[in-house]
Amino acid sequence: MRPSFGFFLSFKFKISVLVIALVLIAGIGSGGISLLIAESELRQVIARQELSLLNSAAALIDSDLQDKRQLLRLLAEQFQAHQLTLAQVQEELETHETLREEFFNVSAFDASGALIASLRDRNAKRINIADRKYFQETMRLREGVVSAPFKSVLSGRPVVVLTQPLRDADGRIVCILLGAIDLLRPSFSAQIDSLRSSSDGYLFIVTDDGVIIHHPDRSRLLEKTDPEPGSVLEAALQGGEGWQDGILDNDVPVLLVHKHLREAAWNIALSYPMESAFAPMRSVRWRAFLGAALLTGLAGIFGWGVTKKLLRPLRRLHDHVEDISAGRAGIAVFDVDRGDEFGHLSRAFYALSQRREQAEAELHRIATTDVLTGIHNRRMFDDFLPKALARAARTGQQVGLAFLDIDHFKDINDTLGHAAGDEVLVEFARRLTAAVRTTDTVARLAGDEFVIVFEQLGSNTEIDLLGRKILDAMQPPFLGGTARLTVTASIGIALTTSSNVTVDEVMRAADQALYGVKAAGRNGFAVNMVGAERVLRARIKT
Ligand SMILES: Nc1nc2c(ncn2[C@@H]2O[C@H](COP(=O)(O)OP(=O)(O)OP(=O)(O)O)[C@@H](O)[C@H]2O)c(=O)[nH]1
């Protein structure tokens, strides 16, 4: 028994799988591309949103630094206008309350870098900052600068200082004012932190040199970062504004948005974890997956239904083949009027079946025809007689079987040769066929032995007429080579109407009758009723 894989091997199953696969590929493909586009769009939207936030923060800090520098400038101008001596600077600083609000401390140093005044502590340690870069830069440029972040010697806190030179009437720098910003509590801290409303991500400020000025983790202030080449931090330190995807802090993938400040060599940056940025995409992805699964299921059902419908003609074709095999239908059922492939296939089957039927008919004809005479042969007779008897039994009509044997045929062969004998046999068959009705069946059994099956006989006398007619037909001379021959035949006829009679009984009766004619001197016929003890009639031609 074949294993029952039929369902999986079926065309319907394969087509359905194909439809599902195509829908799945199309779904995943278009869904995947859509998601990629959506992710890219979302990244742009988030980045732009965060950048606008940074712009606000940068504007705040720039404005704060500008205000502070302006304040120092005004102070310096005021000192110059009042032509204050260095000894008066401490007193004068202490009169300006706004300085305490704007700066963590304001101090003054003479042209040699020595401390001459400190707003927070007038008794502060007398330090000298001549070797500090911001001091030297201010002296060189003769204008205020923003220092690199450093740890203050006076306060011990991380600070950034703004400088402002103070000139005498001759334009010589006599003093430098320093406004310190406490990086632990910068004035802009509260403002920019409030801008960062979301709990995800954080803002930080880093100098162009990579030193952290502002960071939610205060312990990282003044830390010198060392960005790897190509990293997001390196991109942020290169100035300008923009955004990059990359890794920051403990291998966390982030979207880093950054902007350079106008008032200082600082970069403000916002680190936004990708995980949070694409949280909405996760639910979209899940829904897209569910949608694709649903679509695939529906496509499978649809594919199955459509394939089943499309293959219905093939099913019908299969049924036709089975019907024809079982004899329930003829090959004409293949001759359908369809213009599609199934129609072509069915008509091709029809043409093939027609050719096969013709070939079979030809084979049957060859198998049932006597090669020499062209009439039926023994095979045909053996097949035909039982059927004729069965038909007669059904209809109740009389059936007759005649055995014919040419008289002394051996002599013809012996005297004129086998070929002449053949000529006689062919002519004998021709005359025999012409003498009987088309409903009667003539066959050659072997040698010079012939049979006739008479069906639908009207009366007993009709068979007498037929017997005479056959003998008369042989009357004209035959040609055997060049010789003209007189050929006679002996005919034994069996008659029956009984439905119980067997083929053997009929043959025996015909044979008996023939034997009787031969015994009576040949060239005649005898009729024998099947089952009768003796031959009924014998007519010898004279
Ligand atoms: N020419 C020819 N002769 C055949 C063929 N088949 C058989 N024969 C010969 O036909 C002859 C038949 O002779 P029989 O019927 O036995 O004898 P007969 O001479 O007819 O004598 P009776 O039948 O008693 O009158 C034999 O000599 C066979 O060799 C054939 O196809 N062609």
# chains A, B, ... in the order shown; residues from 1 in each chain; ligands from 1
>>> residues_near_ligand(ligand="ligand 1", cutoff="9 Å", atoms="only C-alpha atoms and all ligand atoms", output="count of residues only")
28
>>> residues_around(residues="A:Ile173", least_positions_apart="2", cutoff="10 Å", atoms="only C-alpha atoms", output="PyMOL selection string")
chain A and resi 110-111+138-139+142-143+165-171+175-176
>>> residues_around(residues="A:Ser112", least_positions_apart="5", cutoff="10 Å", atoms="only C-alpha atoms", output="list in words")
Asn128, Ile129, Ala130, Asp131, Phe135, Val174, Cys175 and Ile176 of chain A
>>> residues_around(residues="A:Met281", least_positions_apart="4", cutoff="12 Å", atoms="only C-alpha atoms", output="number ranges by chain")
A: 32, 34-43, 274-277, 285-289
>>> write_last_selection(atoms="C-alpha atoms", output="compact mmCIF listing (two decimals), in the first residue's frame")
# COMPACT_ATOMS: atom_id res chain seq x y z
CA GLY A 32 10.15 45.09 6.60
CA SER A 34 7.95 49.95 5.58
CA LEU A 35 9.28 49.40 9.09
CA LEU A 36 12.79 50.40 7.99
CA ILE A 37 11.43 53.56 6.38
CA ALA A 38 9.28 54.23 9.44
CA GLU A 39 12.29 53.71 11.73
CA SER A 40 14.40 56.04 9.65
CA GLU A 41 11.60 58.63 9.65
CA LEU A 42 11.13 58.21 13.38
CA ARG A 43 14.87 58.68 13.92
CA MET A 274 17.74 53.83 21.07
CA GLU A 275 15.71 51.48 23.22
CA SER A 276 13.49 54.36 24.32
CA ALA A 277 13.60 56.10 20.95
CA ARG A 285 6.45 45.70 14.63
CA TRP A 286 4.29 43.37 16.71
CA ARG A 287 1.12 44.58 15.04
CA ALA A 288 2.75 44.29 11.61
CA PHE A 289 3.71 40.71 12.44
>>> residues_around(residues="stretch 98-105 of chain A", least_positions_apart="4", cutoff="9 Å", atoms="only C-alpha atoms", output="mmCIF file with N, CA and C atoms, in the first residue's frame")
data_model
loop_
_atom_site.group_PDB
_atom_site.id
_atom_site.type_symbol
_atom_site.label_atom_id
_atom_site.label_comp_id
_atom_site.auth_asym_id
_atom_site.auth_seq_id
_atom_site.Cartn_x
_atom_site.Cartn_y
_atom_site.Cartn_z
ATOM 1 N N ASP A 64 23.440 83.246 28.814
ATOM 2 C CA ASP A 64 23.946 83.348 30.183
ATOM 3 C C ASP A 64 25.412 83.798 30.184
ATOM 4 N N ASP A 67 25.679 87.394 29.098
ATOM 5 C CA ASP A 67 25.299 88.304 30.192
ATOM 6 C C ASP A 67 26.448 88.454 31.180
ATOM 7 N N LYS A 68 27.075 87.308 31.495
ATOM 8 C CA LYS A 68 28.162 87.339 32.476
ATOM 9 C C LYS A 68 29.347 88.145 31.943
ATOM 10 N N LEU A 71 28.539 91.695 31.988
ATOM 11 C CA LEU A 71 28.592 92.239 33.355
ATOM 12 C C LEU A 71 30.031 92.580 33.737
ATOM 13 N N LEU A 72 30.955 91.657 33.420
ATOM 14 C CA LEU A 72 32.371 91.893 33.733
ATOM 15 C C LEU A 72 32.901 93.103 32.951
ATOM 16 N N LEU A 93 34.203 95.766 44.484
ATOM 17 C CA LEU A 93 33.548 94.484 44.140
ATOM 18 C C LEU A 93 32.390 94.201 45.090
ATOM 19 N N GLU A 94 32.660 94.469 46.350
ATOM 20 C CA GLU A 94 31.673 94.108 47.372
ATOM 21 C C GLU A 94 30.412 94.966 47.306
ATOM 22 N N SER A 118 39.080 89.349 46.264
ATOM 23 C CA SER A 118 38.220 88.176 46.083
ATOM 24 C C SER A 118 36.886 88.465 46.749
ATOM 25 N N LEU A 119 35.812 88.406 45.946
ATOM 26 C CA LEU A 119 34.482 88.773 46.448
ATOM 27 C C LEU A 119 34.028 87.859 47.580
ATOM 28 N N ARG A 120 34.249 86.569 47.451
ATOM 29 C CA ARG A 120 33.773 85.601 48.452
ATOM 30 C C ARG A 120 34.555 85.704 49.755
ATOM 31 N N ASP A 121 35.857 85.993 49.618
ATOM 32 C CA ASP A 121 36.700 85.981 50.828
ATOM 33 C C ASP A 121 37.822 87.002 50.665
ATOM 34 N N VAL A 159 35.546 74.647 38.327
ATOM 35 C CA VAL A 159 35.047 75.939 37.838
ATOM 36 C C VAL A 159 35.498 76.190 36.413
ATOM 37 N N LEU A 178 38.212 88.183 37.199
ATOM 38 C CA LEU A 178 37.877 86.777 36.941
ATOM 39 C C LEU A 178 36.498 86.476 37.525
ATOM 40 N N GLY A 179 35.577 86.100 36.659
ATOM 41 C CA GLY A 179 34.266 85.678 37.158
ATOM 42 C C GLY A 179 34.214 84.158 37.100
ATOM 43 N N ALA A 180 34.092 83.508 38.251
ATOM 44 C CA ALA A 180 34.117 82.036 38.285
ATOM 45 C C ALA A 180 32.697 81.455 38.253
ATOM 46 N N ILE A 181 32.533 80.422 37.455
ATOM 47 C CA ILE A 181 31.250 79.692 37.397
ATOM 48 C C ILE A 181 31.474 78.339 38.063
ATOM 49 N N ASP A 182 30.699 78.065 39.077
ATOM 50 C CA ASP A 182 30.818 76.795 39.806
ATOM 51 C C ASP A 182 30.150 75.693 38.971
ATOM 52 N N ARG A 185 27.283 73.818 40.551
ATOM 53 C CA ARG A 185 25.973 74.484 40.565
ATOM 54 C C ARG A 185 25.967 75.647 39.587
ATOM 55 N N PRO A 186 26.107 75.380 38.269
ATOM 56 C CA PRO A 186 26.145 76.504 37.322
ATOM 57 C C PRO A 186 24.767 77.155 37.223
ATOM 58 N N SER A 187 24.738 78.421 36.918
ATOM 59 C CA SER A 187 23.464 79.136 36.891
ATOM 60 C C SER A 187 22.529 78.594 35.810
#
>>> closest_residue(among="A:Asn500, A:Asn123, A:Ser10, A:Asn460", to="A:Asn528", atoms="only C-alpha atoms")
A:Asn460
>>> select_by_dssp(residues="stretch 397-440 of chain A", states="strand (DSSP E)", output="list in words")
Gln398, Val399, Gly400, Leu401, Ala402, Phe403, Leu404, Asp405 and Ile406 of chain A
>>> residues_around(residues="stretch 14-21 of chain A", least_positions_apart="5", cutoff="6 Å", atoms="only C-alpha atoms", output="number ranges by chain")
A: 296, 299-300, 303-304
>>> write_last_selection(atoms="N, CA and C atoms", output="PDB file, in the first residue's frame")
ATOM      1  N   THR A 296      -1.380  36.027   5.815  1.00  0.00           N
ATOM      2  CA  THR A 296      -0.862  34.765   5.294  1.00  0.00           C
ATOM      3  C   THR A 296      -1.896  33.663   5.440  1.00  0.00           C
ATOM      4  N   ALA A 299      -4.564  34.223   2.959  1.00  0.00           N
ATOM      5  CA  ALA A 299      -4.056  33.906   1.621  1.00  0.00           C
ATOM      6  C   ALA A 299      -4.036  32.401   1.417  1.00  0.00           C
ATOM      7  N   GLY A 300      -3.679  31.651   2.479  1.00  0.00           N
ATOM      8  CA  GLY A 300      -3.644  30.187   2.396  1.00  0.00           C
ATOM      9  C   GLY A 300      -5.027  29.643   2.090  1.00  0.00           C
ATOM     10  N   GLY A 303      -6.024  30.762  -1.382  1.00  0.00           N
ATOM     11  CA  GLY A 303      -5.259  29.998  -2.379  1.00  0.00           C
ATOM     12  C   GLY A 303      -5.829  28.605  -2.546  1.00  0.00           C
ATOM     13  N   TRP A 304      -6.171  27.989  -1.397  1.00  0.00           N
ATOM     14  CA  TRP A 304      -6.723  26.625  -1.429  1.00  0.00           C
ATOM     15  C   TRP A 304      -8.036  26.614  -2.207  1.00  0.00           C
TER      16      TRP A 304
END
>>> closest_residue(among="A:Pro158, A:Gly246, A:Gly327, A:Gly240", to="A:Glu223", atoms="only C-alpha atoms")
A:Pro158
>>> atom_distance(atom1="atom CA of A:Gly230", atom2="atom CA of A:Leu248")
12.1 Å
>>> residues_around(residues="A:Leu311", least_positions_apart="5", cutoff="9 Å", atoms="only C-alpha atoms", output="list in words")
Phe11, Lys12, Val306, Arg316 and Phe342 of chain A
>>> write_last_selection(atoms="N, CA and C atoms", output="mmCIF file, in the first residue's frame")
data_model
loop_
_atom_site.group_PDB
_atom_site.id
_atom_site.type_symbol
_atom_site.label_atom_id
_atom_site.label_comp_id
_atom_site.auth_asym_id
_atom_site.auth_seq_id
_atom_site.Cartn_x
_atom_site.Cartn_y
_atom_site.Cartn_z
ATOM 1 N N PHE A 11 -1.464 18.868 -6.112
ATOM 2 C CA PHE A 11 -1.195 20.150 -6.757
ATOM 3 C C PHE A 11 -1.794 21.291 -5.943
ATOM 4 N N LYS A 12 -3.007 21.014 -5.385
ATOM 5 C CA LYS A 12 -3.701 22.031 -4.573
ATOM 6 C C LYS A 12 -2.832 22.450 -3.403
ATOM 7 N N VAL A 306 -9.291 28.865 -4.352
ATOM 8 C CA VAL A 306 -9.164 29.223 -5.772
ATOM 9 C C VAL A 306 -8.564 28.050 -6.551
ATOM 10 N N ARG A 316 -12.686 16.599 -13.309
ATOM 11 C CA ARG A 316 -13.677 16.030 -14.231
ATOM 12 C C ARG A 316 -12.993 15.128 -15.255
ATOM 13 N N PHE A 342 -7.196 23.012 -19.981
ATOM 14 C CA PHE A 342 -7.893 21.770 -19.670
ATOM 15 C C PHE A 342 -8.652 21.268 -20.907
#
>>> atom_distance(atom1="atom CA of A:Glu228", atom2="atom CA of A:Pro149")
22.0 Å
>>> atom_distance(atom1="atom CA of A:Ala114", atom2="atom CA of A:Leu154")
13.0 Å
>>> closest_residue(among="A:Gly339, A:Gln191, A:Ala292, A:Ser52", to="A:Ile25", atoms="only C-alpha atoms")
A:Ala292
